[in-house]
>>> print(open('run06.cif').read())   # mmCIF, N, CA and C atoms
data_input
loop_
_atom_site.label_atom_id
_atom_site.label_comp_id
_atom_site.auth_asym_id
_atom_site.auth_seq_id
_atom_site.Cartn_x
_atom_site.Cartn_y
_atom_site.Cartn_z
N MET A 1055 35.66 155.65 70.87
CA MET A 1055 35.76 156.91 71.57
C MET A 1055 34.68 157.85 71.06
N ASN A 1056 34.00 158.50 72.01
CA ASN A 1056 32.97 159.47 71.67
C ASN A 1056 33.54 160.87 71.80
N PRO A 1057 33.73 161.60 70.70
CA PRO A 1057 34.37 162.92 70.77
C PRO A 1057 33.55 163.96 71.54
N LEU A 1058 32.27 163.71 71.75
CA LEU A 1058 31.44 164.65 72.50
C LEU A 1058 31.59 164.51 74.01
N THR A 1059 31.95 163.32 74.47
CA THR A 1059 32.03 163.10 75.92
C THR A 1059 33.40 162.66 76.40
N ASP A 1060 34.20 162.03 75.56
CA ASP A 1060 35.48 161.50 76.00
C ASP A 1060 36.56 162.57 75.92
N LYS A 1061 37.62 162.40 76.72
CA LYS A 1061 38.69 163.39 76.78
C LYS A 1061 40.03 162.68 76.66
N LYS A 1062 40.92 163.24 75.85
CA LYS A 1062 42.29 162.73 75.71
C LYS A 1062 43.24 163.76 76.31
N ILE A 1063 44.20 163.27 77.09
CA ILE A 1063 45.23 164.14 77.65
C ILE A 1063 46.57 163.60 77.15
N ALA A 1064 47.14 164.27 76.17
CA ALA A 1064 48.39 163.82 75.54
C ALA A 1064 49.58 164.14 76.44
N SER A 1065 50.55 163.23 76.45
CA SER A 1065 51.79 163.47 77.18
C SER A 1065 52.59 164.55 76.45
N PRO A 1066 53.49 165.23 77.16
CA PRO A 1066 54.28 166.29 76.52
C PRO A 1066 55.05 165.83 75.28
N ASP A 1067 55.54 164.57 75.27
CA ASP A 1067 56.27 164.09 74.11
C ASP A 1067 55.34 163.54 73.02
N LYS A 1068 54.03 163.58 73.27
CA LYS A 1068 52.98 163.16 72.31
C LYS A 1068 53.00 161.67 72.00
N ARG A 1069 53.78 160.88 72.75
CA ARG A 1069 53.83 159.44 72.49
C ARG A 1069 52.78 158.65 73.27
N LEU A 1070 52.24 159.24 74.30
CA LEU A 1070 51.24 158.58 75.13
C LEU A 1070 50.03 159.49 75.30
N GLU A 1071 48.90 158.88 75.66
CA GLU A 1071 47.75 159.70 76.01
C GLU A 1071 46.91 158.96 77.04
N ALA A 1072 46.37 159.74 77.96
CA ALA A 1072 45.40 159.21 78.91
C ALA A 1072 44.03 159.48 78.31
N ARG A 1073 43.19 158.45 78.29
CA ARG A 1073 41.85 158.60 77.73
C ARG A 1073 40.83 158.45 78.85
N LEU A 1074 39.97 159.45 78.98
CA LEU A 1074 38.93 159.46 79.99
C LEU A 1074 37.58 159.36 79.31
N ALA A 1075 36.71 158.50 79.85
CA ALA A 1075 35.36 158.33 79.31
C ALA A 1075 34.39 158.34 80.48
N PRO A 1076 33.22 158.96 80.31
CA PRO A 1076 32.27 159.01 81.43
C PRO A 1076 31.85 157.61 81.87
N THR A 1077 31.71 157.46 83.18
CA THR A 1077 31.23 156.19 83.71
C THR A 1077 29.70 156.19 83.67
N ALA A 1078 29.12 155.02 83.77
CA ALA A 1078 27.66 154.92 83.81
C ALA A 1078 27.17 155.76 84.98
N GLY A 1079 26.17 156.56 84.75
CA GLY A 1079 25.64 157.42 85.80
C GLY A 1079 26.23 158.81 85.81
N SER A 1080 27.31 159.04 85.06
CA SER A 1080 27.88 160.39 85.03
C SER A 1080 27.90 160.96 83.61
N VAL A 1081 27.18 160.33 82.69
CA VAL A 1081 27.18 160.79 81.31
C VAL A 1081 26.64 162.22 81.20
N CYS A 1082 25.63 162.55 81.99
CA CYS A 1082 25.03 163.88 81.91
C CYS A 1082 25.91 164.97 82.52
N ASP A 1083 26.51 164.70 83.67
CA ASP A 1083 27.29 165.74 84.33
C ASP A 1083 28.80 165.58 84.18
N LEU A 1084 29.24 164.47 83.58
CA LEU A 1084 30.67 164.22 83.34
C LEU A 1084 31.51 164.40 84.60
N SER A 1085 31.00 163.91 85.72
CA SER A 1085 31.71 164.08 86.99
C SER A 1085 32.72 162.97 87.27
N HIS A 1086 32.51 161.80 86.70
CA HIS A 1086 33.39 160.66 86.97
C HIS A 1086 33.78 160.00 85.66
N ALA A 1087 34.98 159.44 85.64
CA ALA A 1087 35.47 158.86 84.38
C ALA A 1087 36.21 157.55 84.62
N SER A 1088 36.22 156.74 83.57
CA SER A 1088 37.10 155.58 83.55
C SER A 1088 38.40 156.04 82.88
N LEU A 1089 39.48 155.35 83.18
CA LEU A 1089 40.79 155.74 82.67
C LEU A 1089 41.38 154.63 81.83
N ALA A 1090 41.87 154.99 80.65
CA ALA A 1090 42.63 154.07 79.80
C ALA A 1090 43.99 154.73 79.56
N LEU A 1091 45.03 153.99 79.88
CA LEU A 1091 46.39 154.52 79.76
C LEU A 1091 47.32 153.39 79.36
N ARG A 1092 47.76 153.46 78.11
CA ARG A 1092 48.62 152.43 77.54
C ARG A 1092 47.98 151.07 77.72
N ASP A 1093 48.71 150.08 78.18
CA ASP A 1093 48.13 148.75 78.38
C ASP A 1093 47.80 148.47 79.84
N LEU A 1094 47.77 149.53 80.66
CA LEU A 1094 47.50 149.36 82.08
C LEU A 1094 46.01 149.18 82.32
N SER A 1095 45.67 148.36 83.30
CA SER A 1095 44.28 148.04 83.58
C SER A 1095 43.84 148.68 84.90
N PHE A 1096 42.82 149.52 84.82
CA PHE A 1096 42.28 150.17 86.02
C PHE A 1096 40.88 149.65 86.34
N GLU A 1097 40.45 148.62 85.63
CA GLU A 1097 39.19 147.91 85.83
C GLU A 1097 38.04 148.85 86.13
N ALA A 1098 37.35 148.64 87.24
CA ALA A 1098 36.13 149.41 87.54
C ALA A 1098 36.40 150.64 88.41
N ARG A 1099 37.63 151.07 88.48
CA ARG A 1099 37.95 152.24 89.30
C ARG A 1099 37.39 153.50 88.65
N ILE A 1100 37.13 154.51 89.46
CA ILE A 1100 36.51 155.74 88.98
C ILE A 1100 37.45 156.91 89.25
N PHE A 1101 37.69 157.71 88.20
CA PHE A 1101 38.63 158.82 88.28
C PHE A 1101 37.94 160.14 87.99
N GLY A 1102 38.65 161.23 88.26
CA GLY A 1102 38.17 162.57 87.93
C GLY A 1102 38.55 162.91 86.50
N TRP A 1103 38.20 164.12 86.06
CA TRP A 1103 38.42 164.55 84.67
C TRP A 1103 39.71 165.32 84.46
N ASN A 1104 40.44 165.63 85.54
CA ASN A 1104 41.66 166.42 85.40
C ASN A 1104 42.86 165.59 85.76
N GLY A 1105 43.75 165.46 84.81
CA GLY A 1105 45.00 164.75 85.04
C GLY A 1105 46.13 165.56 84.45
N VAL A 1106 47.33 165.38 85.00
CA VAL A 1106 48.50 166.12 84.49
C VAL A 1106 49.67 165.17 84.28
N TRP A 1107 50.45 165.45 83.25
CA TRP A 1107 51.65 164.69 82.92
C TRP A 1107 52.88 165.41 83.45
N SER A 1108 53.91 164.64 83.79
CA SER A 1108 55.22 165.22 84.09
C SER A 1108 55.86 165.61 82.76
N SER A 1109 56.82 166.53 82.80
CA SER A 1109 57.44 167.01 81.56
C SER A 1109 58.19 165.90 80.82
N CYS A 1110 58.63 164.87 81.55
CA CYS A 1110 59.35 163.76 80.92
C CYS A 1110 58.40 162.69 80.37
N SER A 1111 57.09 162.88 80.54
CA SER A 1111 56.05 161.96 80.06
C SER A 1111 56.08 160.59 80.73
N ARG A 1112 56.73 160.51 81.87
CA ARG A 1112 56.79 159.23 82.60
C ARG A 1112 55.65 159.11 83.62
N TYR A 1113 55.30 160.22 84.27
CA TYR A 1113 54.32 160.18 85.35
C TYR A 1113 53.02 160.89 84.95
N PHE A 1114 51.92 160.33 85.42
CA PHE A 1114 50.60 160.92 85.20
C PHE A 1114 49.89 160.97 86.55
N ALA A 1115 49.39 162.14 86.94
CA ALA A 1115 48.69 162.31 88.22
C ALA A 1115 47.22 162.57 87.96
N ILE A 1116 46.36 161.93 88.75
CA ILE A 1116 44.92 162.04 88.57
C ILE A 1116 44.24 161.72 89.91
N ILE A 1117 43.03 162.24 90.10
CA ILE A 1117 42.29 161.88 91.31
C ILE A 1117 41.48 160.62 91.06
N GLU A 1118 41.37 159.83 92.11
CA GLU A 1118 40.53 158.65 92.07
C GLU A 1118 39.43 158.82 93.11
N TRP A 1119 38.19 158.63 92.68
CA TRP A 1119 37.06 158.67 93.60
C TRP A 1119 36.96 157.32 94.29
N LEU A 1120 36.95 157.33 95.61
CA LEU A 1120 36.79 156.10 96.38
C LEU A 1120 35.33 155.88 96.74
N ARG A 1121 34.60 156.97 96.86
CA ARG A 1121 33.16 156.91 97.10
C ARG A 1121 32.53 158.05 96.30
N ILE A 1122 31.60 157.71 95.42
CA ILE A 1122 31.02 158.75 94.56
C ILE A 1122 29.72 159.32 95.12
N ASP A 1123 29.25 158.79 96.26
CA ASP A 1123 28.09 159.38 96.92
C ASP A 1123 28.56 160.64 97.63
N THR A 1124 28.44 161.76 96.96
CA THR A 1124 28.98 163.01 97.51
C THR A 1124 27.96 163.79 98.31
N ALA A 1125 26.80 163.20 98.58
CA ALA A 1125 25.78 163.91 99.37
C ALA A 1125 26.30 164.23 100.77
N HIS A 1126 27.13 163.35 101.32
CA HIS A 1126 27.63 163.58 102.67
C HIS A 1126 29.02 164.19 102.65
N CYS A 1127 29.93 163.50 102.01
CA CYS A 1127 31.31 163.98 102.00
C CYS A 1127 32.11 163.18 100.96
N PRO A 1128 32.77 163.85 100.02
CA PRO A 1128 33.54 163.11 99.03
C PRO A 1128 34.74 162.39 99.65
N ASP A 1129 35.08 161.26 99.08
CA ASP A 1129 36.22 160.46 99.51
C ASP A 1129 37.06 160.19 98.28
N MET A 1130 38.26 160.76 98.23
CA MET A 1130 39.10 160.64 97.04
C MET A 1130 40.56 160.60 97.41
N GLN A 1131 41.37 160.23 96.41
CA GLN A 1131 42.81 160.22 96.61
C GLN A 1131 43.52 160.67 95.34
N LEU A 1132 44.69 161.25 95.52
CA LEU A 1132 45.54 161.62 94.39
C LEU A 1132 46.48 160.46 94.12
N VAL A 1133 46.49 160.00 92.87
CA VAL A 1133 47.31 158.87 92.46
C VAL A 1133 48.31 159.35 91.41
N VAL A 1134 49.57 158.94 91.56
CA VAL A 1134 50.58 159.17 90.53
C VAL A 1134 50.87 157.81 89.89
N ILE A 1135 50.79 157.78 88.57
CA ILE A 1135 51.04 156.56 87.81
C ILE A 1135 52.38 156.69 87.10
N ASP A 1136 53.25 155.74 87.35
CA ASP A 1136 54.55 155.67 86.67
C ASP A 1136 54.31 154.79 85.44
N VAL A 1137 54.08 155.40 84.31
CA VAL A 1137 53.72 154.67 83.10
C VAL A 1137 54.88 153.80 82.63
N GLN A 1138 56.10 154.28 82.76
CA GLN A 1138 57.27 153.53 82.31
C GLN A 1138 57.43 152.21 83.06
N ASP A 1139 57.24 152.23 84.38
CA ASP A 1139 57.45 151.02 85.18
C ASP A 1139 56.15 150.30 85.53
N GLY A 1140 55.00 150.81 85.06
CA GLY A 1140 53.73 150.14 85.29
C GLY A 1140 53.36 150.03 86.76
N ARG A 1141 53.50 151.13 87.49
CA ARG A 1141 53.18 151.13 88.91
C ARG A 1141 52.47 152.43 89.28
N GLU A 1142 51.87 152.43 90.47
CA GLU A 1142 51.16 153.62 90.93
C GLU A 1142 51.37 153.81 92.42
N CYS A 1143 51.14 155.04 92.89
CA CYS A 1143 51.31 155.36 94.30
C CYS A 1143 50.24 156.36 94.70
N VAL A 1144 49.65 156.14 95.86
CA VAL A 1144 48.71 157.11 96.42
C VAL A 1144 49.55 158.20 97.07
N VAL A 1145 49.36 159.43 96.60
CA VAL A 1145 50.11 160.57 97.13
C VAL A 1145 49.41 161.14 98.35
N GLU A 1146 48.09 161.26 98.26
CA GLU A 1146 47.31 161.86 99.35
C GLU A 1146 45.90 161.32 99.31
N HIS A 1147 45.38 160.91 100.48
CA HIS A 1147 43.99 160.47 100.60
C HIS A 1147 43.24 161.53 101.40
N VAL A 1148 42.11 161.98 100.88
CA VAL A 1148 41.28 162.97 101.56
C VAL A 1148 39.91 162.35 101.77
N SER A 1149 39.59 162.03 103.03
CA SER A 1149 38.35 161.31 103.30
C SER A 1149 37.13 162.21 103.36
N CYS A 1150 37.31 163.49 103.52
CA CYS A 1150 36.17 164.40 103.52
C CYS A 1150 36.62 165.73 102.92
N GLY A 1151 36.72 165.74 101.60
CA GLY A 1151 37.20 166.94 100.93
C GLY A 1151 37.61 166.62 99.51
N PHE A 1152 38.50 167.45 98.98
CA PHE A 1152 38.90 167.32 97.59
C PHE A 1152 40.42 167.40 97.47
N VAL A 1153 40.94 166.75 96.44
CA VAL A 1153 42.35 166.85 96.10
C VAL A 1153 42.42 166.88 94.59
N GLU A 1154 43.26 167.74 94.04
CA GLU A 1154 43.34 167.86 92.59
C GLU A 1154 44.77 168.13 92.15
N PRO A 1155 45.26 167.35 91.16
CA PRO A 1155 46.62 167.60 90.68
C PRO A 1155 46.68 168.94 89.94
N MET A 1156 47.77 169.67 90.15
CA MET A 1156 47.94 170.95 89.48
C MET A 1156 49.01 170.87 88.39
N SER A 1157 50.20 170.33 88.77
CA SER A 1157 51.30 170.29 87.81
C SER A 1157 52.44 169.43 88.38
N PHE A 1158 53.40 169.16 87.52
CA PHE A 1158 54.66 168.57 87.94
C PHE A 1158 55.72 169.65 87.75
N HIS A 1159 56.65 169.74 88.68
CA HIS A 1159 57.78 170.66 88.53
C HIS A 1159 59.03 169.89 88.93
N ASP A 1160 59.96 169.80 88.02
CA ASP A 1160 61.15 168.96 88.23
C ASP A 1160 60.67 167.56 88.57
N ASP A 1161 61.04 167.04 89.71
CA ASP A 1161 60.65 165.69 90.11
C ASP A 1161 59.62 165.72 91.23
N ALA A 1162 58.71 166.69 91.21
CA ALA A 1162 57.70 166.81 92.25
C ALA A 1162 56.33 167.04 91.64
N VAL A 1163 55.31 166.51 92.32
CA VAL A 1163 53.93 166.75 91.91
C VAL A 1163 53.35 167.82 92.85
N LYS A 1164 52.66 168.77 92.26
CA LYS A 1164 52.05 169.86 93.01
C LYS A 1164 50.54 169.67 92.93
N TYR A 1165 49.85 169.79 94.08
CA TYR A 1165 48.41 169.57 94.09
C TYR A 1165 47.71 170.45 95.11
N ASN A 1166 46.42 170.60 94.91
CA ASN A 1166 45.56 171.40 95.77
C ASN A 1166 44.76 170.44 96.66
N LYS A 1167 44.75 170.70 97.94
CA LYS A 1167 44.01 169.87 98.89
C LYS A 1167 43.04 170.74 99.67
N ILE A 1168 41.77 170.33 99.66
CA ILE A 1168 40.74 171.00 100.45
C ILE A 1168 40.11 169.92 101.33
N ALA A 1169 40.29 170.05 102.64
CA ALA A 1169 39.84 168.99 103.55
C ALA A 1169 38.95 169.53 104.66
N LYS A 1170 38.37 168.60 105.39
CA LYS A 1170 37.54 168.88 106.56
C LYS A 1170 36.46 169.90 106.27
N GLY A 1171 35.59 169.56 105.30
CA GLY A 1171 34.45 170.42 105.01
C GLY A 1171 34.83 171.80 104.53
N MET A 1172 35.88 171.89 103.74
CA MET A 1172 36.35 173.14 103.13
C MET A 1172 37.08 174.06 104.11
N ASP A 1173 37.35 173.60 105.34
CA ASP A 1173 38.02 174.46 106.32
C ASP A 1173 39.53 174.50 106.15
N GLU A 1174 40.10 173.45 105.60
CA GLU A 1174 41.55 173.40 105.42
C GLU A 1174 41.89 173.39 103.94
N ARG A 1175 42.62 174.40 103.49
CA ARG A 1175 43.05 174.50 102.09
C ARG A 1175 44.57 174.62 102.06
N ALA A 1176 45.18 173.87 101.13
CA ALA A 1176 46.64 173.92 101.03
C ALA A 1176 47.07 173.53 99.63
N VAL A 1177 48.15 174.15 99.17
CA VAL A 1177 48.82 173.71 97.95
C VAL A 1177 50.08 172.99 98.44
N ILE A 1178 50.21 171.75 98.03
CA ILE A 1178 51.28 170.88 98.53
C ILE A 1178 52.12 170.39 97.36
N GLN A 1179 53.40 170.23 97.61
CA GLN A 1179 54.32 169.69 96.59
C GLN A 1179 55.06 168.50 97.21
N ARG A 1180 55.03 167.35 96.52
CA ARG A 1180 55.71 166.14 97.02
C ARG A 1180 56.67 165.64 95.95
N ARG A 1181 57.87 165.33 96.36
CA ARG A 1181 58.87 164.79 95.44
C ARG A 1181 58.53 163.34 95.12
N ILE A 1182 58.67 162.97 93.85
CA ILE A 1182 58.37 161.61 93.41
C ILE A 1182 59.26 160.59 94.13
N ASP A 1183 60.55 160.91 94.29
CA ASP A 1183 61.46 159.96 94.93
C ASP A 1183 61.23 159.80 96.43
N GLU A 1184 60.36 160.62 97.01
CA GLU A 1184 60.03 160.49 98.43
C GLU A 1184 58.70 159.76 98.66
N LEU A 1185 58.01 159.41 97.57
CA LEU A 1185 56.76 158.68 97.71
C LEU A 1185 57.05 157.22 98.03
N ASP A 1186 56.24 156.65 98.93
CA ASP A 1186 56.39 155.23 99.20
C ASP A 1186 55.04 154.54 99.04
N GLY A 1187 55.06 153.24 99.00
CA GLY A 1187 53.83 152.50 98.80
C GLY A 1187 53.49 152.26 97.34
N TRP A 1188 54.50 152.26 96.47
CA TRP A 1188 54.27 151.99 95.05
C TRP A 1188 53.73 150.57 94.88
N GLN A 1189 52.73 150.43 94.02
CA GLN A 1189 52.11 149.14 93.74
C GLN A 1189 52.08 148.92 92.23
N PRO A 1190 52.23 147.68 91.78
CA PRO A 1190 52.13 147.43 90.33
C PRO A 1190 50.70 147.63 89.85
N VAL A 1191 50.56 148.12 88.62
CA VAL A 1191 49.25 148.24 87.98
C VAL A 1191 49.10 147.03 87.07
N PRO A 1192 47.98 146.30 87.18
CA PRO A 1192 47.79 145.16 86.28
C PRO A 1192 47.83 145.61 84.81
N VAL A 1193 48.25 144.68 83.96
CA VAL A 1193 48.35 144.96 82.52
C VAL A 1193 47.27 144.16 81.79
N HIS A 1194 46.61 144.81 80.81
CA HIS A 1194 45.66 144.10 79.95
C HIS A 1194 46.42 143.09 79.12
N PRO A 1195 45.87 141.91 78.91
CA PRO A 1195 46.52 140.99 77.97
C PRO A 1195 46.47 141.58 76.57
N PRO A 1196 47.48 141.32 75.74
CA PRO A 1196 47.48 141.88 74.40
C PRO A 1196 46.27 141.38 73.59
N VAL A 1197 45.71 142.31 72.82
CA VAL A 1197 44.59 141.97 71.94
C VAL A 1197 45.16 141.60 70.59
N ARG A 1198 44.68 140.54 70.01
CA ARG A 1198 45.19 140.06 68.73
C ARG A 1198 45.00 141.12 67.64
N GLY A 1199 46.06 141.39 66.90
CA GLY A 1199 45.99 142.35 65.81
C GLY A 1199 46.22 143.79 66.26
N GLU A 1200 46.43 144.00 67.56
CA GLU A 1200 46.66 145.35 68.06
C GLU A 1200 48.15 145.55 68.24
N GLU A 1201 48.63 146.73 67.85
CA GLU A 1201 50.06 147.04 68.01
C GLU A 1201 50.34 147.38 69.45
N GLY A 1202 51.52 147.01 69.96
CA GLY A 1202 51.90 147.26 71.35
C GLY A 1202 52.72 148.45 71.45
#
>>> encode(input="run06.cif", output="C-alpha cells")
Amino acid sequence: MNPLTDKKIASPDKRLEARLAPTAGSVCDLSHASLALRDLSFEARIFGWNGVWSSCSRYFAIIEWLRIDTAHCPDMQLVVIDVQDGRECVVEHVSCGFVEPMSFHDDAVKYNKIAKGMDERAVIQRRIDELDGWQPVPVHPPVRGEEG
C-alpha cells in the first residue's frame, strides 16, 4: 500500500476496510481506482474514489466506471456490495452522467444522480431489501500464511 496515493475506508465497526489504489493511467489525477475488500475479487474492474459503509458494516456502496473515456460521456453505475454474503447489486446505471453514493440511512442507500448531460439532477434513496439482481462476487483463493 502506498500511503501517498492509496485510500482506506474503514467500516463503522472498524473490522473491515475498503482499500482503493489508483489504476494504471490514473496515478496523476487519481480519477479511477481498483478495489480490495476482504477476500472478494473485483479483478480488472475500475471504481471511483468515494465509497460509503452502512452503519451495520455489512454494505459498501461505490461507483464503478464502465467506460473511462470521459471525452464524450461518462458511463458508470452505483454498486452496493453485501460483504457478509459476498454478493453485489447494481443500484443505478447512468450511461451519460454521474452517480455517487452519499450515505446509508436505516436500510436504504442514498445517492446523487446527474444524468443526460447535467440536465437531470436528483437525490434518490433505495431500500436494500427492494434491490433485485444480486450477483455473487468471486472470492480470491486463500494465500498461504495469510489470516482469513
>>> resolve_selection(input="run06.cif", expression="the PyMOL selection byres (((chain A and resi 1158-1175 and name CA) around 8) and name CA)", output="VMD selection string")
chain A and resid 1106 to 1109 1115 1127 1148 to 1157 1176 to 1183
>>> write_last_selection(input="run06.cif", atoms="N, CA and C atoms", output="JSON list (two decimals), in the frame of the given file")
[["chain", "number", "residue", "atom", "x", "y", "z"],
["A", 1106, "VAL", "N", 47.33, 165.38, 85.00],
["A", 1106, "VAL", "CA", 48.50, 166.12, 84.49],
["A", 1106, "VAL", "C", 49.67, 165.17, 84.28],
["A", 1107, "TRP", "N", 50.45, 165.45, 83.25],
["A", 1107, "TRP", "CA", 51.65, 164.69, 82.92],
["A", 1107, "TRP", "C", 52.88, 165.41, 83.45],
["A", 1108, "SER", "N", 53.91, 164.64, 83.79],
["A", 1108, "SER", "CA", 55.22, 165.22, 84.09],
["A", 1108, "SER", "C", 55.86, 165.61, 82.76],
["A", 1109, "SER", "N", 56.82, 166.53, 82.80],
["A", 1109, "SER", "CA", 57.44, 167.01, 81.56],
["A", 1109, "SER", "C", 58.19, 165.90, 80.82],
["A", 1115, "ALA", "N", 49.39, 162.14, 86.94],
["A", 1115, "ALA", "CA", 48.69, 162.31, 88.22],
["A", 1115, "ALA", "C", 47.22, 162.57, 87.96],
["A", 1127, "CYS", "N", 29.93, 163.50, 102.01],
["A", 1127, "CYS", "CA", 31.31, 163.98, 102.00],
["A", 1127, "CYS", "C", 32.11, 163.18, 100.96],
["A", 1148, "VAL", "N", 42.11, 161.98, 100.88],
["A", 1148, "VAL", "CA", 41.28, 162.97, 101.56],
["A", 1148, "VAL", "C", 39.91, 162.35, 101.77],
["A", 1149, "SER", "N", 39.59, 162.03, 103.03],
["A", 1149, "SER", "CA", 38.35, 161.31, 103.30],
["A", 1149, "SER", "C", 37.13, 162.21, 103.36],
["A", 1150, "CYS", "N", 37.31, 163.49, 103.52],
["A", 1150, "CYS", "CA", 36.17, 164.40, 103.52],
["A", 1150, "CYS", "C", 36.62, 165.73, 102.92],
["A", 1151, "GLY", "N", 36.72, 165.74, 101.60],
["A", 1151, "GLY", "CA", 37.20, 166.94, 100.93],
["A", 1151, "GLY", "C", 37.61, 166.62, 99.51],
["A", 1152, "PHE", "N", 38.50, 167.45, 98.98],
["A", 1152, "PHE", "CA", 38.90, 167.32, 97.59],
["A", 1152, "PHE", "C", 40.42, 167.40, 97.47],
["A", 1153, "VAL", "N", 40.94, 166.75, 96.44],
["A", 1153, "VAL", "CA", 42.35, 166.85, 96.10],
["A", 1153, "VAL", "C", 42.42, 166.88, 94.59],
["A", 1154, "GLU", "N", 43.26, 167.74, 94.04],
["A", 1154, "GLU", "CA", 43.34, 167.86, 92.59],
["A", 1154, "GLU", "C", 44.77, 168.13, 92.15],
["A", 1155, "PRO", "N", 45.26, 167.35, 91.16],
["A", 1155, "PRO", "CA", 46.62, 167.60, 90.68],
["A", 1155, "PRO", "C", 46.68, 168.94, 89.94],
["A", 1156, "MET", "N", 47.77, 169.67, 90.15],
["A", 1156, "MET", "CA", 47.94, 170.95, 89.48],
["A", 1156, "MET", "C", 49.01, 170.87, 88.39],
["A", 1157, "SER", "N", 50.20, 170.33, 88.77],
["A", 1157, "SER", "CA", 51.30, 170.29, 87.81],
["A", 1157, "SER", "C", 52.44, 169.43, 88.38],
["A", 1176, "ALA", "N", 45.18, 173.87, 101.13],
["A", 1176, "ALA", "CA", 46.64, 173.92, 101.03],
["A", 1176, "ALA", "C", 47.07, 173.53, 99.63],
["A", 1177, "VAL", "N", 48.15, 174.15, 99.17],
["A", 1177, "VAL", "CA", 48.82, 173.71, 97.95],
["A", 1177, "VAL", "C", 50.08, 172.99, 98.44],
["A", 1178, "ILE", "N", 50.21, 171.75, 98.03],
["A", 1178, "ILE", "CA", 51.28, 170.88, 98.53],
["A", 1178, "ILE", "C", 52.12, 170.39, 97.36],
["A", 1179, "GLN", "N", 53.40, 170.23, 97.61],
["A", 1179, "GLN", "CA", 54.32, 169.69, 96.59],
["A", 1179, "GLN", "C", 55.06, 168.50, 97.21],
["A", 1180, "ARG", "N", 55.03, 167.35, 96.52],
["A", 1180, "ARG", "CA", 55.71, 166.14, 97.02],
["A", 1180, "ARG", "C", 56.67, 165.64, 95.95],
["A", 1181, "ARG", "N", 57.87, 165.33, 96.36],
["A", 1181, "ARG", "CA", 58.87, 164.79, 95.44],
["A", 1181, "ARG", "C", 58.53, 163.34, 95.12],
["A", 1182, "ILE", "N", 58.67, 162.97, 93.85],
["A", 1182, "ILE", "CA", 58.37, 161.61, 93.41],
["A", 1182, "ILE", "C", 59.26, 160.59, 94.13],
["A", 1183, "ASP", "N", 60.55, 160.91, 94.29],
["A", 1183, "ASP", "CA", 61.46, 159.96, 94.93],
["A", 1183, "ASP", "C", 61.23, 159.80, 96.43]]
>>> residues_around(input="run06.cif", residues="stretch 1129-1141 of chain A", least_positions_apart="2", cutoff="8 Å", atoms="all atoms listed in the file", output="ChimeraX atom specification")
/A:1091-1092,1094,1111-1124,1126-1127,1143-1155,1188-1193
>>> resolve_selection(input="run06.cif", expression="the PyMOL selection byres ((chain A and resi 1100) around 6)", output="list in words")
His1086, Ala1087, Ser1088, Ala1098, Arg1099, Phe1101, Gly1102, Ile1117, Glu1118 and Trp1119 of chain A
>>> select_by_dssp(input="run06.cif", residues="stretch 1095-1200 of chain A", states="strand (DSSP E)", output="PyMOL selection string")
chain A and resi 1100-1107+1113-1121+1129-1136+1141-1148+1151-1159+1162-1169+1174-1181+1189-1190
>>> axis_aligned_box(input="run06.cif", around="stretch 1158-1173 of chain A", padding_each_side="5 Å", output="lines of an AutoDock Vina configuration file")
center_x = 47.8
center_y = 170.1
center_z = 97.0
size_x = 36.7
size_y = 18.8
size_z = 29.0
>>> atom_distance(input="run06.cif", atom1="atom CA of A:His1194", atom2="atom C of A:Asp1067")
22.8 Å
>>> atom_distance(input="run06.cif", atom1="atom CA of A:Pro1195", atom2="atom C of A:Ser1085")
27.6 Å
>>> closest_residue(input="run06.cif", among="A:Ala1090, A:Glu1097, A:Leu1185, A:Cys1110", to="A:Glu1071", atoms="only C-alpha atoms")
A:Ala1090
>>> atom_distance(input="run06.cif", atom1="atom CA of A:Gly1187", atom2="atom CA of A:Lys1062")
27.8 Å
